[in-house]
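Asks: This is the structure I have questions about; it appears just below.
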Protein chains: 2
Amino acid sequence: MSFNEKFNYYRETFEAFAEEYFSKTDEWDLTLTEAVKYSFFAGGKRIRPVLMLSVSDLLGVSFGKVLPFALALECIHTYSLIHDDLPAMDNDDYRRGRLTSHKVFGEAEAILAGDALLNLAFSILADECVKNPFDKTARAMQIIADNAGISGMIKGQSLDISSEKKNIADEKILYEIEENKTAKMIISAVTVPAILAGKDEDIFKSFGLKLGIQFQIVDDILDVTGNKASLGKSTGKDEQSGKLTYVSLFGLDRAKERAEEIRSECKKILKKTDNCDFLKDFVDYLSSRVN
Amino acid sequence: MSFNEKFNYYRETFEAFAEEYFSKTDEWDLTLTEAVKYSFFAGGKRIRPVLMLSVSDLLGVSFGKVLPFALALECIHTYSLIHDDLPAMDNDDYRRGRLTSHKVFGEAEAILAGDALLNLAFSILADECVKNPFDKTARAMQIIADNAGISGMIKGQSLDISSEKKNIADEKILYEIEENKTAKMIISAVTVPAILAGKDEDIFKSFGLKLGIQFQIVDDILDVTGNKASLGKSTGKDEQSGKLTYVSLFGLDRAKERAEEIRSECKKILKKTDNCDFLKDFVDYLSSRVN
């Protein structure tokens with residue numbers, strides 16, 4: 001299979017599982033359910049689930065075992081987008097080419113839909129722990145919780161906001177934002193299968209960190225060079241709001257160089273692992289978005 | 001010990017545990033940490049932890065075992081207050097006699113502080129599952145997650161908002177709001193110790209449901225008859241915003257009668273359990289707030 005075929009295979013496997021899961025929730029007859037589904041099925045690329053399934057393939061973890069973790073991670077990712085888009089946060093009207101949650105359902109329901117998705121992630125993981133009350137299940141959940149929380153993604157979001165407010169231009173803080181806001185969730189995606197397989201986690205942690213930072217730099221570059229039609233969201237927002245990014249700190253050319261450097265570093269880490277062509281292609285796929 | 005002494009004993013036991021836990025988080029050197037602690041240590045009555053510790057006492061569950069669950073539940077309760085107070089939700093400037101989170105830290109940080117507390121609850125519970133990977137630990141977490149989520153508290157909040165917007169006056173929906181918004185978290189508080197002890201959960205579920213509804217009706221009555229100084233929050237808000245409550249639907253006198261009826265029903269359920277004087281007194285304590 002080509003990279004694209006494999007990407008679509010992972011993505012569709014995830015999509016079918018998620019649709020099946022949410023189809024059982026029809027008794028949730030609420031505006032809130034509609035809001036939750038609106039954002040969850042907004043046509044996202046499913047980067048995190050795709051990465052999780054591909055590492056599972058690599059390490060021999062069954063999809064049946066890992067899919068609930070992928071679903072939980074995507075619920076957390078989706079909630080973070082809903083809350084990020086709120087007027088008090090990034091104030092975005094469009095996401096993936098559609099109106100954002102608060103533009104459709106109002107701010108109160110958007111806040112609750114985000115809360116519901118974060119909570120749902122842990123209902124899903126609690127179910128797994130009840131079904132498989134082993135330390136690996138619990139550790140995989142723990143990694144997801146810690147990387148999403150106040151020592152992970154939420155820390156990154158808070159630093160992001162305060163650096164914007166206080167007009168901070170500090171490379172150390174920029175790195176903390178990239179690491180926490182973006183890379184921690186990518187680390188979860190590639191590390192959970194290693195935990196479930198009882199394999200060495202460190203190599204996947206290092207890879208996830210680099211890949212996550214690459215992901216953020218590419219995103220920052222696209223905010224300058226991309227256009228709304230192809231990205232499905234507003235561009236030029238970082239400069240408008242005075243956000244601290246690699247581009248704002250070092251300029252576009254240096255950011256592109258840095259993205260290339262990190263691409264090489266990602267590839268170097270992968271040399272230590274067999275059969276990881278998909279992950280290597282994934283690194284190139286990310287880079288290709290800005291070239 | 002008198003009821004008050006016992007209440008304070010449970011409360012202080014919880015407070016000491018929570019302070020110890022949060023003191024370890026000093027590396028979280030962020031505005032966000034400050035916002036999280038500001039709301040968590042705002043002088044709340046700790047109703048849910050007190051109930052959880054008292055049922056643990058009754059069933060012979062050690063405090064060491066149950067305190068992390070009490071902490072997680074109080075984190076969830078605190079996040080729900082922060083988000084509830086936001087301008088897009090109930091728009092409250094005061095809570096427990098102090099300015100609300102968004103008035104002190106701004107809306108963005110208040111949203112993130114709420115998210116952080118919800119996430120933290122599950123980091124705490126994941127740690128418990130890693131330390132004790134047994135089905136009881138996992139089931140206790142599952143109950144907390146389900147009762148807090150889209151089939152529990154968040155469902156109640158969403159119904160609350162939509163009934164307000166659409167000016168709905170429907171007893172069935174009112175009951176769904178009371179059950180989900182308030183009672184589900186009280187059910188978690190009294191049921192988790194039964195799960196951890198491997199004892200019959202049903203009696204505690206029924207008791208928690210009744211007690212939670214009593215709690216909500218008392219709260220609705222106090223919104224009319226109480227004053228800001230003694231409650232520490234604004235009053236008269238329900239009528240202003242056209243909220244659906246037992247008082248708005250049936251009037252103050254009928255609401256007081258209903259609170260008394262439910263008090264008897266709570267006591268009746270407790271007849272099936274030995275040594276539950278504290279819980280009986282707790283029911284009376286709740287009622288006494290409006291008498």
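Labeling convention for the structure tokens: chains A, B, ... as they appear, residues from 1 per chain, ligands from 1 in order of appearance.
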Show me, as a list of chain:residue names, every residue of chain B with an atom at most 6 Å from chain A, counting only C-alpha atoms.
Replies: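 The contacting residues on chain B are B:Ala88, B:Met89, B:Glu107, B:Ala108, B:Ala116, B:Asn119, B:Ser123, B:Ala126, B:Cys129, B:Val130, B:Pro133, B:Phe134, B:Asp135, B:Ala138, B:Arg139, B:Gln142, B:Ala145, B:Asp146, B:Gly149, B:Ile150.
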Asks: Taking the DSSP secondary structure from the backbone, can you list the residues of segment 73-200 of chain B that are strand (DSSP E or B), as a list in words?
Replies: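 Reading the DSSP output for segment 73-200 of chain B, strand (DSSP E or B) covers Tyr94, Arg95, Arg98 and Leu99 of chain B.
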Asks: Taking into account only C-alpha atoms, which residue in the set A:Ser234, A:Ser206, A:Gln214, A:Thr245 is nearest to Ile177 of chain A?
Replies: A:Thr245
Asks: Determine which residues of segment 77-288 of chain A DSSP labels as alpha helix (DSSP H) from the backbone of this structure, then write them out as a ChimeraX atom specification.
Replies: /A:77-85,101-105,107-131,135-148,153-165,171-177,184-197,202-225,228-231,237-241,246-250,252-270,277-288
Asks: To one decimal in Å, tell me the separation between atom CA of Ser56 of chain B and atom CA of Ser39 of chain B.
Replies: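 Atom-to-atom, atom CA of Ser56 of chain B and atom CA of Ser39 of chain B are spaced 26.1 Å apart.
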Asks: Which distance in Å separates atom CA of Val247 of chain B and atom CA of Asp93 of chain B, to one decimal?
Replies: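 Computing the Euclidean distance for atom CA of Val247 of chain B and atom CA of Asp93 of chain B yields 23.2 Å.
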Asks: Excluding same-chain residues fewer than 6 positions from Thr273 of chain A, what lies within 12 Å of it counting only C-alpha atoms, as a PDB file with N, CA and C atoms, in the first residue's frame?
Replies:
```pdb
ATOM      1  N   VAL A  55       1.547   2.893  14.854  1.00  0.00           N
ATOM      2  CA  VAL A  55       2.514   2.348  15.821  1.00  0.00           C
ATOM      3  C   VAL A  55       2.007   1.010  16.370  1.00  0.00           C
ATOM      4  N   LEU A  58       2.928  -1.553  13.928  1.00  0.00           N
ATOM      5  CA  LEU A  58       4.363  -1.778  14.032  1.00  0.00           C
ATOM      6  C   LEU A  58       4.716  -2.706  15.188  1.00  0.00           C
ATOM      7  N   LEU A  59       4.002  -2.554  16.314  1.00  0.00           N
ATOM      8  CA  LEU A  59       4.357  -3.276  17.533  1.00  0.00           C
ATOM      9  C   LEU A  59       3.461  -4.482  17.807  1.00  0.00           C
ATOM     10  N   LYS A 199       6.514  -2.665  25.271  1.00  0.00           N
ATOM     11  CA  LYS A 199       7.799  -2.396  24.598  1.00  0.00           C
ATOM     12  C   LYS A 199       8.437  -1.121  25.141  1.00  0.00           C
ATOM     13  N   ASP A 200       9.682  -0.901  24.791  1.00  0.00           N
ATOM     14  CA  ASP A 200      10.413   0.298  25.201  1.00  0.00           C
ATOM     15  C   ASP A 200       9.685   1.562  24.719  1.00  0.00           C
ATOM     16  N   GLU A 201       9.370   2.435  25.686  1.00  0.00           N
ATOM     17  CA  GLU A 201       8.591   3.632  25.339  1.00  0.00           C
ATOM     18  C   GLU A 201       9.469   4.800  24.897  1.00  0.00           C
ATOM     19  N   ASP A 202      10.734   4.793  25.338  1.00  0.00           N
ATOM     20  CA  ASP A 202      11.553   6.000  25.214  1.00  0.00           C
ATOM     21  C   ASP A 202      11.726   6.473  23.778  1.00  0.00           C
ATOM     22  N   ILE A 203      11.956   5.527  22.888  1.00  0.00           N
ATOM     23  CA  ILE A 203      12.169   5.907  21.493  1.00  0.00           C
ATOM     24  C   ILE A 203      10.914   6.585  20.918  1.00  0.00           C
ATOM     25  N   PHE A 204       9.746   6.101  21.344  1.00  0.00           N
ATOM     26  CA  PHE A 204       8.508   6.702  20.828  1.00  0.00           C
ATOM     27  C   PHE A 204       8.242   8.061  21.470  1.00  0.00           C
ATOM     28  N   PHE A 207      10.526  10.399  19.590  1.00  0.00           N
ATOM     29  CA  PHE A 207       9.974  10.626  18.250  1.00  0.00           C
ATOM     30  C   PHE A 207       8.741  11.528  18.318  1.00  0.00           C
ATOM     31  N   CYS A 266      13.853  13.670  13.234  1.00  0.00           N
ATOM     32  CA  CYS A 266      12.801  12.633  13.338  1.00  0.00           C
ATOM     33  C   CYS A 266      13.267  11.356  12.636  1.00  0.00           C
ATOM     34  N   LYS A 267      13.782  11.533  11.443  1.00  0.00           N
ATOM     35  CA  LYS A 267      14.225  10.379  10.649  1.00  0.00           C
ATOM     36  C   LYS A 267      15.352   9.628  11.367  1.00  0.00           C
ATOM     37  N   LEU A 279       5.880   5.719   9.313  1.00  0.00           N
ATOM     38  CA  LEU A 279       6.231   6.870  10.155  1.00  0.00           C
ATOM     39  C   LEU A 279       7.204   7.798   9.439  1.00  0.00           C
ATOM     40  N   LYS A 280       8.175   7.194   8.702  1.00  0.00           N
ATOM     41  CA  LYS A 280       9.111   8.028   7.930  1.00  0.00           C
ATOM     42  C   LYS A 280       8.355   8.852   6.892  1.00  0.00           C
TER      43      LYS A 280
END
```
Asks: Need the shell around segment 165-170 of chain A: protein/DNA/RNA residues with any atom at most 9 Å away, counting only C-alpha atoms. Skip same-chain ones fewer than 4 positions apart. Format as a PDB file with N, CA and C atoms, in the first residue's frame?
Replies:
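Output file part-v9.pdb follows:
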```
ATOM      1  N   ASP A 160       0.817  29.943  26.118  1.00  0.00           N
ATOM      2  CA  ASP A 160       0.500  30.561  24.834  1.00  0.00           C
ATOM      3  C   ASP A 160      -0.256  31.877  25.054  1.00  0.00           C
ATOM      4  N   ILE A 161      -1.298  31.800  25.878  1.00  0.00           N
ATOM      5  CA  ILE A 161      -2.123  32.976  26.161  1.00  0.00           C
ATOM      6  C   ILE A 161      -1.339  34.046  26.903  1.00  0.00           C
ATOM      7  N   LEU A 174       8.929  29.755  24.139  1.00  0.00           N
ATOM      8  CA  LEU A 174       8.417  29.243  22.867  1.00  0.00           C
ATOM      9  C   LEU A 174       8.546  27.720  22.820  1.00  0.00           C
ATOM     10  N   TYR A 175       9.695  27.230  23.240  1.00  0.00           N
ATOM     11  CA  TYR A 175       9.909  25.784  23.215  1.00  0.00           C
ATOM     12  C   TYR A 175       8.959  25.066  24.178  1.00  0.00           C
ATOM     13  N   SER A 241      -2.698  38.609  16.510  1.00  0.00           N
ATOM     14  CA  SER A 241      -2.885  38.543  17.957  1.00  0.00           C
ATOM     15  C   SER A 241      -1.559  38.623  18.710  1.00  0.00           C
ATOM     16  N   GLY A 242      -0.447  38.736  17.968  1.00  0.00           N
ATOM     17  CA  GLY A 242       0.858  38.848  18.628  1.00  0.00           C
ATOM     18  C   GLY A 242       1.278  37.574  19.317  1.00  0.00           C
ATOM     19  N   LYS A 243       0.946  36.425  18.703  1.00  0.00           N
ATOM     20  CA  LYS A 243       1.285  35.132  19.289  1.00  0.00           C
ATOM     21  C   LYS A 243       2.794  34.878  19.173  1.00  0.00           C
ATOM     22  N   LEU A 244       3.319  34.201  20.183  1.00  0.00           N
ATOM     23  CA  LEU A 244       4.737  33.815  20.170  1.00  0.00           C
ATOM     24  C   LEU A 244       4.887  32.504  19.397  1.00  0.00           C
ATOM     25  N   THR A 245       5.496  32.575  18.202  1.00  0.00           N
ATOM     26  CA  THR A 245       5.727  31.369  17.400  1.00  0.00           C
ATOM     27  C   THR A 245       7.166  31.398  16.881  1.00  0.00           C
ATOM     28  N   SER A 248       7.343  34.200  14.407  1.00  0.00           N
ATOM     29  CA  SER A 248       7.379  35.565  14.960  1.00  0.00           C
ATOM     30  C   SER A 248       8.752  35.866  15.560  1.00  0.00           C
ATOM     31  N   LEU A 249       9.400  34.840  16.078  1.00  0.00           N
ATOM     32  CA  LEU A 249      10.680  35.042  16.768  1.00  0.00           C
ATOM     33  C   LEU A 249      11.861  35.077  15.792  1.00  0.00           C
TER      34      LEU A 249
END
```
Asks: Please provide as JSON, numbers by chain all residues within 12 Å of Ser54 of chain A, with the sequence filter that same-chain residues fewer than 5 positions apart are discarded (counting only C-alpha atoms).
Replies: {"A": [3, 6, 7, 8, 9, 10, 11, 13, 14, 47, 48, 49, 59, 60, 61, 62, 63, 66, 67, 70, 189, 190, 191, 192, 193, 194, 275, 276, 277, 278, 279, 280, 281, 282]}
Asks: Go ahead and dump the residues you just picked, N, CA and C atoms, as a tab-separated table (two decimals), in the first residue's frame.
Replies:
```tsv
chain	number	residue	atom	x	y	z
A	3	PHE	N	1.67	5.28	0.90
A	3	PHE	CA	1.46	6.03	2.15
A	3	PHE	C	0.02	6.54	2.25
A	6	LYS	N	-2.43	3.76	3.01
A	6	LYS	CA	-2.30	3.33	4.40
A	6	LYS	C	-2.89	4.37	5.36
A	7	PHE	N	-2.62	5.63	5.06
A	7	PHE	CA	-3.18	6.71	5.89
A	7	PHE	C	-4.71	6.60	5.89
A	8	ASN	N	-5.27	6.43	4.71
A	8	ASN	CA	-6.73	6.34	4.61
A	8	ASN	C	-7.28	5.09	5.29
A	9	TYR	N	-6.53	4.01	5.20
A	9	TYR	CA	-6.94	2.76	5.86
A	9	TYR	C	-7.02	2.96	7.37
A	10	TYR	N	-5.99	3.56	7.96
A	10	TYR	CA	-6.00	3.83	9.41
A	10	TYR	C	-7.13	4.80	9.76
A	11	ARG	N	-7.22	5.83	8.95
A	11	ARG	CA	-8.23	6.86	9.22
A	11	ARG	C	-9.65	6.28	9.16
A	13	THR	N	-10.51	3.11	9.47
A	13	THR	CA	-10.69	2.17	10.58
A	13	THR	C	-11.12	2.93	11.83
A	14	PHE	N	-10.44	4.04	12.07
A	14	PHE	CA	-10.79	4.86	13.23
A	14	PHE	C	-12.19	5.45	13.09
A	47	ILE	N	-4.98	12.89	12.70
A	47	ILE	CA	-3.54	12.69	12.80
A	47	ILE	C	-3.17	11.78	13.98
A	48	ARG	N	-3.75	12.08	15.16
A	48	ARG	CA	-3.37	11.33	16.37
A	48	ARG	C	-3.84	9.87	16.31
A	49	PRO	N	-5.11	9.62	15.95
A	49	PRO	CA	-5.52	8.22	15.80
A	49	PRO	C	-4.71	7.47	14.73
A	59	LEU	N	4.00	-2.55	16.31
A	59	LEU	CA	4.36	-3.28	17.53
A	59	LEU	C	3.46	-4.48	17.81
A	60	GLY	N	2.54	-4.75	16.87
A	60	GLY	CA	1.68	-5.93	17.05
A	60	GLY	C	0.60	-5.78	18.09
A	61	VAL	N	0.13	-4.54	18.32
A	61	VAL	CA	-1.02	-4.33	19.22
A	61	VAL	C	-2.29	-4.37	18.38
A	62	SER	N	-3.28	-5.15	18.82
A	62	SER	CA	-4.50	-5.28	18.00
A	62	SER	C	-5.27	-3.96	17.98
A	63	PHE	N	-5.92	-3.68	16.86
A	63	PHE	CA	-6.73	-2.47	16.75
A	63	PHE	C	-7.84	-2.48	17.79
A	66	VAL	N	-6.49	-1.00	20.92
A	66	VAL	CA	-6.00	0.38	20.94
A	66	VAL	C	-7.05	1.42	20.51
A	67	LEU	N	-8.07	0.98	19.78
A	67	LEU	CA	-9.04	1.96	19.25
A	67	LEU	C	-9.73	2.80	20.33
A	70	ALA	N	-7.44	5.57	21.07
A	70	ALA	CA	-7.42	6.54	19.97
A	70	ALA	C	-8.66	7.43	20.03
A	189	ALA	N	-0.05	9.76	21.46
A	189	ALA	CA	-0.49	8.95	20.31
A	189	ALA	C	0.50	7.84	19.98
A	190	VAL	N	1.79	8.14	20.02
A	190	VAL	CA	2.78	7.12	19.61
A	190	VAL	C	3.30	6.28	20.78
A	191	THR	N	3.06	6.74	22.01
A	191	THR	CA	3.58	6.01	23.17
A	191	THR	C	2.59	4.99	23.73
A	192	VAL	N	1.29	5.29	23.63
A	192	VAL	CA	0.28	4.36	24.17
A	192	VAL	C	0.44	2.94	23.60
A	193	PRO	N	0.62	2.78	22.28
A	193	PRO	CA	0.79	1.40	21.78
A	193	PRO	C	2.03	0.71	22.37
A	194	ALA	N	3.11	1.46	22.59
A	194	ALA	CA	4.31	0.87	23.19
A	194	ALA	C	4.02	0.39	24.61
A	275	ASN	N	10.92	-1.52	10.24
A	275	ASN	CA	9.59	-1.53	9.62
A	275	ASN	C	8.76	-0.27	9.84
A	276	CYS	N	9.43	0.86	9.96
A	276	CYS	CA	8.64	2.06	10.25
A	276	CYS	C	8.53	2.99	9.05
A	277	ASP	N	8.40	2.41	7.86
A	277	ASP	CA	8.28	3.22	6.65
A	277	ASP	C	7.13	4.21	6.73
A	278	PHE	N	6.00	3.75	7.31
A	278	PHE	CA	4.86	4.66	7.38
A	278	PHE	C	5.19	5.91	8.18
A	279	LEU	N	5.88	5.72	9.31
A	279	LEU	CA	6.23	6.87	10.16
A	279	LEU	C	7.20	7.80	9.44
A	280	LYS	N	8.18	7.19	8.70
A	280	LYS	CA	9.11	8.03	7.93
A	280	LYS	C	8.35	8.85	6.89
A	281	ASP	N	7.43	8.18	6.20
A	281	ASP	CA	6.62	8.90	5.20
A	281	ASP	C	5.76	9.98	5.86
A	282	PHE	N	5.31	9.68	7.09
A	282	PHE	CA	4.48	10.64	7.80
A	282	PHE	C	5.26	11.93	8.07
```
Asks: What is the atom CA of Leu71 of chain A to atom CA of Arg46 of chain A distance in Å?
Replies: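 Going from atom CA of Leu71 of chain A over to atom CA of Arg46 of chain A covers 9.9 Å.
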Asks: Env of Lys210 of chain A: 9 Å cut, atoms = only C-alpha atoms, seq-sep filter 5 positions within chain, self excluded. Answer as JSON, numbers by chain.
Replies: {"A": [179, 183, 205, 215, 262, 263, 265, 266]}
Asks: Tell me which protein, DNA and RNA residues are within 7 Å of segment 94-105 of chain B, counting only C-alpha atoms, leaving out same-chain ones fewer than 6 positions away, and put them as a list in words.
Replies: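 Answer for this query is Ala35, Ser39, Ala42, Gly43, Gly44, Ile82, Asp85, Leu86, Leu231, Gly232, Lys233 and Ser234 of chain B.
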Asks: Keeping only all heavy atoms, write those residues as an mmCIF file, in the first residue's frame.
Replies:
```
data_model
loop_
_atom_site.group_PDB
_atom_site.id
_atom_site.type_symbol
_atom_site.label_atom_id
_atom_site.label_comp_id
_atom_site.auth_asym_id
_atom_site.auth_seq_id
_atom_site.Cartn_x
_atom_site.Cartn_y
_atom_site.Cartn_z
ATOM 1 N N ALA B 35 -4.742 30.097 39.446
ATOM 2 C CA ALA B 35 -6.193 30.110 39.207
ATOM 3 C C ALA B 35 -6.832 28.817 39.714
ATOM 4 O O ALA B 35 -7.911 28.830 40.314
ATOM 5 C CB ALA B 35 -6.482 30.308 37.718
ATOM 6 N N SER B 39 -9.573 28.774 43.111
ATOM 7 C CA SER B 39 -10.938 28.241 43.160
ATOM 8 C C SER B 39 -11.041 27.001 44.036
ATOM 9 O O SER B 39 -12.032 26.805 44.735
ATOM 10 C CB SER B 39 -11.439 27.913 41.750
ATOM 11 O OG SER B 39 -11.609 29.089 41.005
ATOM 12 N N ALA B 42 -11.267 27.917 47.964
ATOM 13 C CA ALA B 42 -12.071 29.127 48.127
ATOM 14 C C ALA B 42 -12.986 29.028 49.336
ATOM 15 O O ALA B 42 -13.900 29.829 49.499
ATOM 16 C CB ALA B 42 -12.875 29.382 46.856
ATOM 17 N N GLY B 43 -12.744 28.021 50.173
ATOM 18 C CA GLY B 43 -13.555 27.909 51.386
ATOM 19 C C GLY B 43 -14.884 27.210 51.195
ATOM 20 O O GLY B 43 -15.848 27.476 51.918
ATOM 21 N N GLY B 44 -14.958 26.316 50.223
ATOM 22 C CA GLY B 44 -16.182 25.540 50.011
ATOM 23 C C GLY B 44 -16.460 24.625 51.200
ATOM 24 O O GLY B 44 -15.553 24.322 51.985
ATOM 25 N N ILE B 82 -16.446 26.912 38.233
ATOM 26 C CA ILE B 82 -15.706 27.928 37.455
ATOM 27 C C ILE B 82 -16.380 28.148 36.096
ATOM 28 O O ILE B 82 -16.625 29.282 35.683
ATOM 29 C CB ILE B 82 -14.230 27.501 37.246
ATOM 30 C CG1 ILE B 82 -13.495 27.393 38.585
ATOM 31 C CG2 ILE B 82 -13.513 28.491 36.327
ATOM 32 C CD1 ILE B 82 -12.061 26.867 38.464
ATOM 33 N N ASP B 85 -19.873 29.835 36.312
ATOM 34 C CA ASP B 85 -19.863 31.265 36.641
ATOM 35 C C ASP B 85 -19.495 32.148 35.448
ATOM 36 O O ASP B 85 -19.643 33.370 35.522
ATOM 37 C CB ASP B 85 -18.850 31.530 37.780
ATOM 38 C CG ASP B 85 -19.344 31.007 39.121
ATOM 39 O OD1 ASP B 85 -20.570 30.830 39.272
ATOM 40 O OD2 ASP B 85 -18.500 30.763 40.016
ATOM 41 N N LEU B 86 -18.992 31.549 34.364
ATOM 42 C CA LEU B 86 -18.532 32.335 33.205
ATOM 43 C C LEU B 86 -19.659 33.210 32.642
ATOM 44 O O LEU B 86 -20.835 32.855 32.746
ATOM 45 C CB LEU B 86 -18.031 31.389 32.102
ATOM 46 C CG LEU B 86 -16.670 30.712 32.347
ATOM 47 C CD1 LEU B 86 -16.452 29.582 31.338
ATOM 48 C CD2 LEU B 86 -15.528 31.726 32.247
ATOM 49 N N LEU B 231 -24.705 33.680 52.156
ATOM 50 C CA LEU B 231 -24.472 32.642 51.140
ATOM 51 C C LEU B 231 -23.138 32.811 50.409
ATOM 52 O O LEU B 231 -22.599 31.851 49.862
ATOM 53 C CB LEU B 231 -25.591 32.634 50.102
ATOM 54 C CG LEU B 231 -26.970 32.147 50.575
ATOM 55 C CD1 LEU B 231 -27.991 32.320 49.455
ATOM 56 C CD2 LEU B 231 -26.917 30.686 51.011
ATOM 57 N N GLY B 232 -22.640 34.040 50.371
ATOM 58 C CA GLY B 232 -21.384 34.293 49.679
ATOM 59 C C GLY B 232 -21.526 34.337 48.168
ATOM 60 O O GLY B 232 -20.550 34.329 47.437
ATOM 61 N N LYS B 233 -22.781 34.336 47.696
ATOM 62 C CA LYS B 233 -22.990 34.496 46.245
ATOM 63 C C LYS B 233 -24.258 35.317 46.025
ATOM 64 O O LYS B 233 -25.064 35.484 46.945
ATOM 65 C CB LYS B 233 -23.074 33.129 45.559
ATOM 66 C CG LYS B 233 -24.215 32.239 46.030
ATOM 67 C CD LYS B 233 -24.228 30.914 45.276
ATOM 68 C CE LYS B 233 -25.352 30.018 45.768
ATOM 69 N NZ LYS B 233 -25.384 28.725 45.091
ATOM 70 N N SER B 234 -24.424 35.792 44.798
ATOM 71 C CA SER B 234 -25.580 36.605 44.483
ATOM 72 C C SER B 234 -26.865 35.794 44.651
ATOM 73 O O SER B 234 -26.868 34.590 44.419
ATOM 74 C CB SER B 234 -25.501 37.098 43.036
ATOM 75 O OG SER B 234 -24.217 37.572 42.743
#
```
